[in-house]
file input-v3.json (JSON, C-alpha atoms and all ligand atoms)
[["chain", "number", "residue", "atom", "x", "y", "z"],
["R", 24, "MET", "CA", -55.09, 8.18, -4.60],
["R", 25, "ASN", "CA", -54.62, 5.52, -1.93],
["R", 26, "LYS", "CA", -56.86, 5.89, 1.08],
["R", 27, "ILE", "CA", -54.22, 5.28, 3.75],
["R", 28, "LYS", "CA", -53.27, 8.50, 5.51],
["R", 29, "ILE", "CA", -50.09, 9.20, 7.46],
["R", 30, "VAL", "CA", -50.41, 11.54, 10.43],
["R", 31, "ALA", "CA", -47.43, 12.65, 12.54],
["R", 32, "ASP", "CA", -46.84, 15.18, 15.27],
["R", 33, "SER", "CA", -44.58, 18.12, 14.48],
["R", 34, "GLY", "CA", -41.67, 16.44, 16.26],
["R", 35, "SER", "CA", -41.17, 14.76, 12.86],
["R", 36, "ASP", "CA", -40.33, 18.07, 11.12],
["R", 37, "VAL", "CA", -42.58, 16.91, 8.27],
["R", 38, "LEU", "CA", -45.24, 19.37, 7.09],
["R", 39, "SER", "CA", -46.40, 17.76, 3.87],
["R", 40, "LEU", "CA", -45.71, 14.68, 1.76],
["R", 41, "PRO", "CA", -45.97, 14.31, -2.01],
["R", 42, "ASP", "CA", -48.40, 11.75, -3.50],
["R", 43, "VAL", "CA", -49.93, 10.46, -0.25],
["R", 44, "GLU", "CA", -52.41, 11.78, 2.28],
["R", 45, "PHE", "CA", -50.59, 13.43, 5.16],
["R", 46, "ALA", "CA", -51.33, 15.74, 8.09],
["R", 47, "SER", "CA", -49.24, 17.12, 10.92],
["R", 48, "ALA", "CA", -50.45, 17.65, 14.49],
["R", 49, "PRO", "CA", -48.50, 20.58, 15.95],
["R", 50, "LEU", "CA", -46.85, 20.74, 19.34],
["R", 51, "LYS", "CA", -46.53, 24.13, 21.01],
["R", 52, "ILE", "CA", -43.64, 26.06, 22.49],
["R", 53, "ILE", "CA", -44.79, 28.21, 25.39],
["R", 54, "THR", "CA", -43.05, 31.23, 26.92],
["R", 55, "GLU", "CA", -44.17, 33.81, 29.49],
["R", 56, "GLU", "CA", -45.01, 36.13, 26.60],
["R", 57, "GLY", "CA", -47.01, 33.79, 24.42],
["R", 58, "GLN", "CA", -46.76, 30.65, 22.38],
["R", 59, "TYR", "CA", -45.40, 29.37, 19.11],
["R", 60, "VAL", "CA", -47.53, 26.82, 17.30],
["R", 61, "ASP", "CA", -45.27, 24.41, 15.42],
["R", 62, "ASP", "CA", -47.18, 24.43, 12.15],
["R", 63, "ALA", "CA", -46.32, 25.46, 8.58],
["R", 64, "SER", "CA", -46.74, 29.15, 9.38],
["R", 65, "LEU", "CA", -44.11, 29.18, 12.15],
["R", 66, "ASP", "CA", -41.01, 31.25, 11.39],
["R", 67, "VAL", "CA", -38.52, 28.82, 12.95],
["R", 68, "GLU", "CA", -35.51, 31.07, 12.40],
["R", 69, "LYS", "CA", -37.19, 33.93, 14.24],
["R", 70, "MET", "CA", -38.30, 31.62, 17.07],
["R", 71, "ALA", "CA", -34.83, 30.09, 17.50],
["R", 72, "SER", "CA", -33.22, 33.54, 17.61],
["R", 73, "GLU", "CA", -35.80, 34.86, 20.07],
["R", 74, "MET", "CA", -35.38, 31.80, 22.30],
["R", 75, "GLN", "CA", -31.60, 32.22, 22.34],
["R", 76, "GLY", "CA", -31.82, 35.54, 24.15],
["R", 77, "TYR", "CA", -34.85, 34.62, 26.24],
["R", 78, "LYS", "CA", -34.29, 34.38, 29.98],
["R", 79, "GLY", "CA", -37.80, 33.55, 31.26],
["R", 80, "LYS", "CA", -39.57, 30.23, 31.71],
["R", 81, "SER", "CA", -40.42, 28.15, 28.68],
["R", 82, "SER", "CA", -41.98, 24.78, 28.05],
["R", 83, "THR", "CA", -43.67, 22.71, 25.37],
["R", 84, "SER", "CA", -46.96, 20.89, 25.04],
["R", 85, "CYS", "CA", -48.09, 17.99, 22.91],
["R", 86, "PRO", "CA", -51.17, 17.85, 20.65],
["R", 87, "SER", "CA", -54.47, 17.26, 22.47],
["R", 88, "PRO", "CA", -56.71, 14.35, 21.43],
["R", 89, "ASP", "CA", -58.82, 16.95, 19.56],
["R", 90, "ASP", "CA", -55.76, 18.18, 17.67],
["R", 91, "TRP", "CA", -55.08, 14.60, 16.59],
["R", 92, "ILE", "CA", -58.70, 14.01, 15.56],
["R", 93, "GLU", "CA", -58.57, 17.17, 13.47],
["R", 94, "ALA", "CA", -55.44, 15.86, 11.74],
["R", 95, "PHE", "CA", -57.13, 12.47, 11.14],
["R", 96, "GLY", "CA", -59.74, 14.36, 9.08],
["R", 97, "ASP", "CA", -62.11, 11.85, 7.52],
["R", 98, "ALA", "CA", -59.57, 9.23, 6.49],
["R", 99, "GLU", "CA", -60.52, 5.58, 6.72],
["R", 100, "GLU", "CA", -57.12, 4.09, 7.47],
["R", 101, "ILE", "CA", -54.63, 6.13, 9.43],
["R", 102, "ILE", "CA", -51.09, 5.42, 10.53],
["R", 103, "CYS", "CA", -50.05, 7.83, 13.18],
["R", 104, "VAL", "CA", -46.42, 8.40, 14.23],
["R", 105, "THR", "CA", -45.49, 10.19, 17.45],
["R", 106, "ILE", "CA", -42.39, 11.55, 19.14],
["R", 107, "THR", "CA", -40.97, 9.27, 21.88],
["R", 108, "ALA", "CA", -43.59, 8.39, 24.49],
["R", 109, "LEU", "CA", -41.01, 8.54, 27.30],
["R", 110, "LEU", "CA", -40.44, 12.27, 26.82],
["R", 111, "SER", "CA", -43.82, 13.51, 25.61],
["R", 112, "GLY", "CA", -47.53, 12.91, 26.12],
["R", 113, "SER", "CA", -48.04, 12.88, 22.36],
["R", 114, "TYR", "CA", -48.25, 9.08, 22.04],
["R", 115, "ASN", "CA", -50.76, 8.96, 24.87],
["R", 116, "THR", "CA", -53.05, 11.64, 23.41],
["R", 117, "ALA", "CA", -52.82, 9.97, 19.99],
["R", 118, "CYS", "CA", -54.02, 6.68, 21.56],
["R", 119, "ILE", "CA", -56.94, 8.51, 23.19],
["R", 120, "ALA", "CA", -57.77, 10.13, 19.83],
["R", 121, "LYS", "CA", -57.66, 6.70, 18.15],
["R", 122, "GLN", "CA", -60.17, 5.34, 20.64],
["R", 123, "ILE", "CA", -62.58, 8.24, 20.20],
["R", 124, "TYR", "CA", -62.23, 8.17, 16.40],
["R", 125, "GLU", "CA", -62.78, 4.44, 16.08],
["R", 126, "GLU", "CA", -65.78, 4.52, 18.42],
["R", 127, "LYS", "CA", -67.36, 7.29, 16.38],
["R", 128, "HIS", "CA", -66.57, 5.60, 13.04],
["R", 129, "PRO", "CA", -66.56, 1.81, 13.55],
["R", 130, "GLN", "CA", -65.40, 1.19, 9.94],
["R", 131, "ARG", "CA", -62.28, 3.29, 10.31],
["R", 132, "ARG", "CA", -58.91, 2.23, 11.73],
["R", 133, "VAL", "CA", -56.03, 4.05, 13.36],
["R", 134, "PHE", "CA", -52.66, 2.51, 14.18],
["R", 135, "VAL", "CA", -50.41, 4.54, 16.48],
["R", 136, "ILE", "CA", -46.62, 4.12, 16.38],
["R", 137, "ASN", "CA", -44.38, 5.32, 19.19],
["R", 138, "SER", "CA", -41.23, 6.25, 17.23],
["R", 139, "ARG", "CA", -39.16, 6.15, 20.47],
["R", 140, "SER", "CA", -37.33, 8.97, 18.74],
["R", 141, "THR", "CA", -37.94, 12.28, 17.04],
["R", 142, "GLY", "CA", -37.14, 14.51, 14.04],
["R", 143, "PRO", "CA", -35.22, 12.83, 11.23],
["R", 144, "GLU", "CA", -35.77, 9.28, 12.51],
["R", 145, "MET", "CA", -39.51, 9.91, 12.42],
["R", 146, "GLY", "CA", -38.90, 11.34, 8.94],
["R", 147, "LEU", "CA", -37.25, 8.11, 7.79],
["R", 148, "ILE", "CA", -40.13, 6.02, 9.15],
["R", 149, "ILE", "CA", -42.61, 8.30, 7.38],
["R", 150, "ASP", "CA", -40.70, 8.08, 4.07],
["R", 151, "ARG", "CA", -40.62, 4.30, 4.33],
["R", 152, "MET", "CA", -44.37, 4.14, 4.93],
["R", 153, "ARG", "CA", -44.98, 6.56, 2.07],
["R", 154, "GLU", "CA", -43.09, 4.22, -0.27],
["R", 155, "MET", "CA", -45.14, 1.27, 0.91],
["R", 156, "ILE", "CA", -48.40, 3.15, 0.34],
["R", 157, "ILE", "CA", -47.29, 4.15, -3.16],
["R", 158, "SER", "CA", -46.28, 0.60, -4.01],
["R", 159, "GLY", "CA", -49.78, -0.56, -3.09],
["R", 160, "CYS", "CA", -49.22, -2.24, 0.30],
["R", 161, "SER", "CA", -52.29, -2.69, 2.47],
["R", 162, "PHE", "CA", -52.77, -1.11, 5.89],
["R", 163, "ASP", "CA", -51.98, -4.45, 7.59],
["R", 164, "GLU", "CA", -48.88, -5.04, 5.47],
["R", 165, "ILE", "CA", -47.54, -1.60, 6.33],
["R", 166, "ILE", "CA", -48.10, -1.93, 10.07],
["R", 167, "SER", "CA", -46.47, -5.34, 10.16],
["R", 168, "ARG", "CA", -43.50, -4.39, 7.94],
["R", 169, "ILE", "CA", -42.72, -1.01, 9.48],
["R", 170, "SER", "CA", -41.79, -2.67, 12.77],
["R", 171, "ASP", "CA", -38.85, -4.34, 10.97],
["R", 172, "TYR", "CA", -37.53, -1.03, 9.69],
["R", 173, "ASN", "CA", -34.28, -0.19, 11.45],
["R", 174, "ALA", "CA", -33.22, 3.40, 11.94],
["R", 175, "GLU", "CA", -31.44, 5.26, 14.70],
["R", 176, "LEU", "CA", -30.93, 8.83, 15.86],
["R", 177, "LEU", "CA", -27.84, 10.78, 16.89],
["R", 178, "PHE", "CA", -27.69, 14.38, 18.04],
["R", 179, "VAL", "CA", -24.98, 17.01, 18.44],
["R", 180, "LEU", "CA", -25.83, 19.97, 20.62],
["R", 181, "SER", "CA", -23.98, 23.10, 21.76],
["R", 182, "SER", "CA", -26.44, 23.78, 24.56],
["R", 183, "MET", "CA", -28.85, 21.55, 26.43],
["R", 184, "LYS", "CA", -30.38, 24.31, 28.53],
["R", 185, "ASN", "CA", -33.96, 23.80, 27.35],
["R", 186, "LEU", "CA", -33.71, 20.01, 27.69],
["R", 187, "VAL", "CA", -32.41, 20.32, 31.27],
["R", 188, "ASN", "CA", -34.88, 23.07, 32.27],
["R", 189, "ASN", "CA", -37.78, 20.95, 31.07],
["R", 190, "GLY", "CA", -36.60, 17.78, 32.78],
["R", 191, "ARG", "CA", -35.91, 15.88, 29.53],
["R", 192, "VAL", "CA", -32.32, 15.09, 30.51],
["R", 193, "SER", "CA", -30.52, 15.16, 33.84],
["R", 194, "PRO", "CA", -28.27, 18.14, 34.57],
["R", 195, "ILE", "CA", -25.45, 15.69, 35.34],
["R", 196, "ALA", "CA", -25.66, 14.07, 31.92],
["R", 197, "ALA", "CA", -25.74, 17.48, 30.24],
["R", 198, "LYS", "CA", -22.90, 18.85, 32.36],
["R", 199, "LEU", "CA", -20.41, 20.04, 29.74],
["R", 200, "ALA", "CA", -22.89, 20.99, 27.03],
["R", 201, "GLY", "CA", -23.07, 24.75, 27.06],
["R", 202, "MET", "CA", -19.37, 25.33, 27.55],
["R", 203, "LEU", "CA", -17.88, 27.32, 24.73],
["R", 204, "GLY", "CA", -16.79, 25.07, 21.86],
["R", 205, "ILE", "CA", -17.98, 21.85, 23.49],
["R", 206, "ARG", "CA", -20.39, 19.71, 21.47],
["R", 207, "ALA", "CA", -22.45, 17.12, 23.31],
["R", 208, "ILE", "CA", -23.08, 13.98, 21.28],
["R", 209, "GLY", "CA", -25.75, 11.46, 22.14],
["R", 210, "ARG", "CA", -28.39, 9.15, 20.79],
["R", 211, "ALA", "CA", -32.01, 8.21, 21.24],
["R", 212, "SER", "CA", -31.85, 5.06, 23.37],
["R", 213, "ASP", "CA", -33.80, 1.96, 22.30],
["R", 214, "GLU", "CA", -36.53, 2.91, 24.77],
["R", 215, "GLY", "CA", -36.60, 6.52, 23.59],
["R", 216, "ILE", "CA", -34.72, 8.71, 26.03],
["R", 217, "LEU", "CA", -31.58, 10.79, 25.59],
["R", 218, "GLU", "CA", -28.40, 8.81, 26.07],
["R", 219, "MET", "CA", -25.18, 10.81, 26.19],
["R", 220, "LEU", "CA", -22.27, 9.26, 24.28],
["R", 221, "CYS", "CA", -19.35, 11.67, 24.25],
["R", 222, "LYS", "CA", -18.17, 15.25, 24.04],
["R", 223, "ALA", "CA", -16.14, 16.80, 21.24],
["R", 224, "LYS", "CA", -14.24, 20.05, 20.96],
["R", 225, "GLY", "CA", -15.39, 21.85, 17.83],
["R", 226, "ASP", "CA", -17.40, 20.78, 14.78],
["R", 227, "ALA", "CA", -14.68, 18.82, 12.96],
["R", 228, "LYS", "CA", -14.07, 16.50, 15.91],
["R", 229, "ALA", "CA", -17.81, 16.12, 16.47],
["R", 230, "VAL", "CA", -18.35, 15.09, 12.84],
["R", 231, "GLU", "CA", -15.49, 12.60, 13.04],
["R", 232, "ALA", "CA", -16.93, 11.10, 16.23],
["R", 233, "MET", "CA", -20.43, 10.83, 14.78],
["R", 234, "VAL", "CA", -19.33, 9.05, 11.61],
["R", 235, "ARG", "CA", -17.38, 6.63, 13.82],
["R", 236, "ILE", "CA", -20.42, 6.04, 16.05],
["R", 237, "MET", "CA", -22.69, 5.47, 13.03],
["R", 238, "THR", "CA", -20.25, 2.86, 11.69],
["R", 239, "GLU", "CA", -19.95, 1.14, 15.08],
["R", 240, "ARG", "CA", -23.72, 0.97, 15.33],
["R", 241, "GLY", "CA", -24.03, -0.80, 12.01],
["R", 242, "TYR", "CA", -24.59, 1.96, 9.46],
["R", 243, "CYS", "CA", -23.40, 0.75, 6.08],
["R", 244, "GLY", "CA", -24.31, 3.35, 3.49],
["R", 245, "GLY", "CA", -28.12, 3.58, 3.69],
["R", 246, "ARG", "CA", -30.32, 6.61, 3.88],
["R", 247, "VAL", "CA", -29.42, 9.51, 6.18],
["R", 248, "LYS", "CA", -31.36, 12.62, 7.15],
["R", 249, "LEU", "CA", -29.39, 15.51, 8.65],
["R", 250, "SER", "CA", -31.65, 18.13, 10.23],
["R", 251, "HIS", "CA", -30.18, 21.25, 11.72],
["R", 252, "CYS", "CA", -31.23, 24.40, 13.54],
["R", 253, "LEU", "CA", -29.60, 27.29, 11.65],
["R", 254, "ASN", "CA", -26.39, 25.39, 11.05],
["R", 255, "GLU", "CA", -26.08, 24.58, 7.35],
["R", 256, "PRO", "CA", -22.24, 24.47, 7.53],
["R", 257, "LEU", "CA", -22.27, 21.68, 10.13],
["R", 258, "ALA", "CA", -24.80, 19.68, 8.10],
["R", 259, "ALA", "CA", -22.72, 20.15, 4.96],
["R", 260, "MET", "CA", -19.56, 19.04, 6.78],
["R", 261, "MET", "CA", -21.32, 15.94, 8.11],
["R", 262, "LYS", "CA", -22.69, 15.12, 4.66],
["R", 263, "ARG", "CA", -19.19, 15.35, 3.14],
["R", 264, "ALA", "CA", -17.75, 13.09, 5.84],
["R", 265, "ILE", "CA", -20.45, 10.46, 5.30],
["R", 266, "ILE", "CA", -20.10, 10.49, 1.51],
["R", 267, "GLU", "CA", -16.32, 10.26, 1.77],
["R", 268, "ARG", "CA", -16.63, 7.04, 3.73],
["R", 269, "TYR", "CA", -19.81, 5.72, 2.08],
["R", 270, "PRO", "CA", -19.88, 7.09, -1.49],
["R", 271, "GLU", "CA", -23.21, 5.39, -2.25],
["R", 272, "ALA", "CA", -24.99, 6.90, 0.80],
["R", 273, "GLU", "CA", -28.17, 8.86, 0.21],
["R", 274, "VAL", "CA", -27.82, 11.91, 2.46],
["R", 275, "GLU", "CA", -30.52, 14.55, 2.68],
["R", 276, "ILE", "CA", -30.12, 17.84, 4.55],
["R", 277, "GLY", "CA", -33.21, 19.37, 6.14],
["R", 278, "ARG", "CA", -34.23, 21.85, 8.78],
["R", 279, "LEU", "CA", -35.62, 21.21, 12.21],
["R", 280, "ARG", "CA", -39.05, 22.73, 12.76],
["R", 281, "GLY", "CA", -40.21, 24.40, 15.99],
["R", 282, "LEU", "CA", -40.32, 21.63, 18.58],
["R", 283, "CYS", "CA", -36.95, 20.08, 17.72],
["R", 284, "SER", "CA", -35.38, 23.54, 17.29],
["R", 285, "PHE", "CA", -36.57, 24.54, 20.76],
["R", 286, "TYR", "CA", -34.81, 21.55, 22.34],
["R", 287, "ALA", "CA", -31.82, 21.21, 19.99],
["R", 288, "GLU", "CA", -31.35, 25.02, 20.15],
["R", 289, "LYS", "CA", -29.52, 27.22, 17.68],
["R", 290, "SER", "CA", -26.67, 25.34, 15.93],
["R", 291, "GLY", "CA", -27.87, 21.88, 17.04],
["R", 292, "MET", "CA", -28.18, 19.01, 14.59],
["R", 293, "ILE", "CA", -30.08, 15.71, 14.69],
["R", 294, "ILE", "CA", -29.23, 12.78, 12.44],
["R", 295, "GLY", "CA", -31.46, 9.89, 11.45],
["R", 296, "TYR", "CA", -29.83, 6.96, 9.69],
["R", 297, "GLU", "CA", -30.82, 3.53, 8.48],
["R", 298, "ILE", "CA", -28.99, 0.49, 9.74],
["R", 301, "LIG", "O1", -44.78, 16.89, 24.87],
["R", 301, "LIG", "C1", -43.90, 17.74, 24.77],
["R", 301, "LIG", "O2", -43.98, 18.83, 25.34],
["R", 301, "LIG", "C2", -42.69, 17.44, 23.89],
["R", 301, "LIG", "C3", -41.47, 17.07, 24.64],
["R", 301, "LIG", "C4", -40.33, 16.60, 23.79],
["R", 301, "LIG", "C5", -39.05, 16.42, 24.54],
["R", 301, "LIG", "C6", -37.86, 15.91, 23.80],
["R", 301, "LIG", "C7", -37.57, 16.50, 22.47],
["R", 301, "LIG", "C8", -36.18, 16.27, 21.98],
["R", 301, "LIG", "C9", -35.91, 17.11, 20.76],
["R", 301, "LIG", "C10", -33.38, 16.92, 21.11],
["R", 301, "LIG", "C11", -32.32, 16.00, 20.63],
["R", 301, "LIG", "C12", -32.74, 14.62, 20.25],
["R", 301, "LIG", "C13", -33.12, 13.75, 21.43],
["R", 301, "LIG", "C14", -33.66, 12.37, 21.10],
["R", 301, "LIG", "C15", -34.35, 11.74, 22.26],
["R", 301, "LIG", "C16", -35.18, 10.56, 21.98],
["R", 301, "LIG", "C17", -34.56, 17.07, 20.19]]
call {"tool": "encode", "arguments": {"input": "input-v3.json", "output": "structure tokens", "more": "lines below"}}
Ligand code: X90
result
Amino acid sequence: MNKIKIVADSGSDVLSLPDVEFASAPLKIITEEGQYVDDASLDVEKMASEMQGYKGKSSTSCPSPDDWIEAFGDAEEIICVTITALLSGSYNTACIAKQIYEEKHPQRRVFVINSRSTGPEMGLIIDRMREMIISGCSFDEIISRISDYNAELLFVLSSMKNLVNNGRVSPIAAKLAGMLGIRAIGRASDEGILEMLCKAKGDAKAVEAMVRIMTERGYCGGRVKLSHCLNEPLAAMMKRAIIERYPEAEVEIGRLRGLCSFYAEKSGMIIGYEI
């Protein structure tokens, strides 16, 4: 077993990885009644349904430095991937954890990556690093080569209530999302904030628009991760549309975990793709 460990916050939707050392640092979803910890034991379906009818205040919180250090375990070389630093404190707490960990264990090293994104784009970065570890790359090779890896993120949401209420997107940008039948389509900007692109009426038009946007942005048949919150039909429709246009594409359907489900809300989907 290689000694390089990958650690990611739960914004990545990754709970475990075959053949390499991996740990997840959970974020939390907080309501007036209690909290959901976004770890392997969370019933995401139950949470998403409960949140849909919930009228009170809700928020989220990132892992503390201690949570990160716990996830680091006793690994000697750690590559740590966080959700976008412009919308979460996760990158910041991971950097603090790195400092503490390296001071305590001068032989050990932690490299922290701000994904400037979330969910399936983090998943693609993690998969790429996993492959490099398995093929025998060194810590330094991985950290220098992963910065050349090009992936992007699109989202399609029926409601942006939780994003607006928590100040992660402006109410003006989110204006039409939430109207019956309207899908809001956007992307993670290069810096790592939400950038609205267009609106579509119904799933079919949304899928059409997203395949067009992927093509315009330089997608040409590489890997895609489609992660949804209780919306398998939409993911299946998107997968068909991608394969129709790019028969060689490698498209994987997955589920959003707690943090992304809270913000993407029931029926939302987030797409990571290589360019
Ligand atoms: O620290 C925290 O409390 C976490 C805050 C995270 C806020 C943003 C999460 C976005 C989740 C929504 C669609 C994709 C947006 C991509 C933006 C980069 C998913």
call {"tool": "atom_distance", "arguments": {"input": "input-v3.json", "atom1": "CA of Pro256 in chain R", "atom2": "CA of Arg210 in chain R"}}
result
21.2 Å
call {"tool": "residues_around", "arguments": {"input": "input-v3.json", "residues": "range 265-272 of chain R", "least_positions_apart": "6", "cutoff": "9 Å", "atoms": "all atoms listed in the file", "output": "ChimeraX atom specification"}}
result
/R:234,243-247
call {"tool": "closest_residue", "arguments": {"input": "input-v3.json", "among": "R:Val179, R:Ala259, R:Cys283, R:Ile208", "to": "ligand LIG 301 (chain R)", "atoms": "all atoms listed in the file"}}
result
R:Cys283
call {"tool": "residues_near_ligand", "arguments": {"input": "input-v3.json", "ligand": "ligand LIG 301 (chain R)", "cutoff": "8 Å", "atoms": "only C-alpha atoms and all ligand atoms", "output": "number ranges by chain"}}
result
R: 34, 50-52, 82-86, 106-107, 110-113, 139-142, 176-180, 186, 191, 209-212, 215-218, 282-287, 292-293
call {"tool": "atom_distance", "arguments": {"input": "input-v3.json", "atom1": "CA of Tyr77 in chain R", "atom2": "CA of Asp90 in chain R"}}
result
27.9 Å
call {"tool": "residues_around", "arguments": {"input": "input-v3.json", "residues": "Leu279 in chain R", "least_positions_apart": "5", "cutoff": "6 Å", "atoms": "all atoms listed in the file", "output": "list in words"}}
result
Asp36, Ser250, His251, Cys252 and Ser284 of chain R
call {"tool": "atom_distance", "arguments": {"input": "input-v3.json", "atom1": "CA of Ser64 in chain R", "atom2": "CA of Gly281 in chain R"}}
result
10.4 Å
call {"tool": "closest_residue", "arguments": {"input": "input-v3.json", "among": "R:Met261, R:Val133, R:Ile148, R:Leu220", "to": "Ile236 in chain R", "atoms": "only C-alpha atoms"}}
result
R:Leu220
call {"tool": "residues_near_point", "arguments": {"input": "input-v3.json", "point": "(-44.0, -1.1, 3.4)", "cutoff": "9 Å", "atoms": "only C-alpha atoms", "output": "ChimeraX atom specification"}}
result
/R:151-156,158-161,164-169
call {"tool": "closest_residue", "arguments": {"input": "input-v3.json", "among": "R:Leu109, R:Ala120, R:Val274, R:Leu249", "to": "Ala94 in chain R", "atoms": "all atoms listed in the file"}}
result
R:Ala120
call {"tool": "residues_around", "arguments": {"input": "input-v3.json", "residues": "Tyr242 in chain R", "least_positions_apart": "2", "cutoff": "8 Å", "atoms": "all atoms listed in the file", "output": "JSON list (two decimals) with C-alpha atoms, in the coordinates of the input"}}
result
[["chain", "number", "residue", "atom", "x", "y", "z"],
["R", 237, "MET", "CA", -22.69, 5.47, 13.03],
["R", 238, "THR", "CA", -20.25, 2.86, 11.69],
["R", 239, "GLU", "CA", -19.95, 1.14, 15.08],
["R", 240, "ARG", "CA", -23.72, 0.97, 15.33],
["R", 244, "GLY", "CA", -24.31, 3.35, 3.49],
["R", 245, "GLY", "CA", -28.12, 3.58, 3.69],
["R", 296, "TYR", "CA", -29.83, 6.96, 9.69],
["R", 297, "GLU", "CA", -30.82, 3.53, 8.48],
["R", 298, "ILE", "CA", -28.99, 0.49, 9.74]]
call {"tool": "closest_residue", "arguments": {"input": "input-v3.json", "among": "R:Lys121, R:Lys28, R:Lys224, R:His128", "to": "Phe162 in chain R", "atoms": "all atoms listed in the file"}}
result
R:Lys28
call {"tool": "residues_around", "arguments": {"input": "input-v3.json", "residues": "Asp62 in chain R", "least_positions_apart": "6", "cutoff": "8 Å", "atoms": "only C-alpha atoms", "output": "mmCIF file with C-alpha atoms, in the coordinates of the input"}}
result
data_model
loop_
_atom_site.group_PDB
_atom_site.id
_atom_site.type_symbol
_atom_site.label_atom_id
_atom_site.label_comp_id
_atom_site.auth_asym_id
_atom_site.auth_seq_id
_atom_site.Cartn_x
_atom_site.Cartn_y
_atom_site.Cartn_z
ATOM 1 C CA SER R 33 -44.580 18.120 14.480
ATOM 2 C CA LEU R 38 -45.240 19.370 7.090
ATOM 3 C CA SER R 47 -49.240 17.120 10.920
ATOM 4 C CA ALA R 48 -50.450 17.650 14.490
ATOM 5 C CA PRO R 49 -48.500 20.580 15.950
ATOM 6 C CA GLY R 281 -40.210 24.400 15.990
#
call {"tool": "closest_residue", "arguments": {"input": "input-v3.json", "among": "R:Glu56, R:Thr105, R:Val30, R:Asn137", "to": "Ile92 in chain R", "atoms": "all atoms listed in the file"}}
result
R:Val30
call {"tool": "axis_aligned_box", "arguments": {"input": "input-v3.json", "around": "range 247-262 of chain R", "padding_each_side": "6 Å", "output": "AutoDock Vina command-line options"}}
result
--center_x -25.6 --center_y 18.4 --center_z 9.1 --size_x 24.1 --size_y 29.8 --size_z 20.9
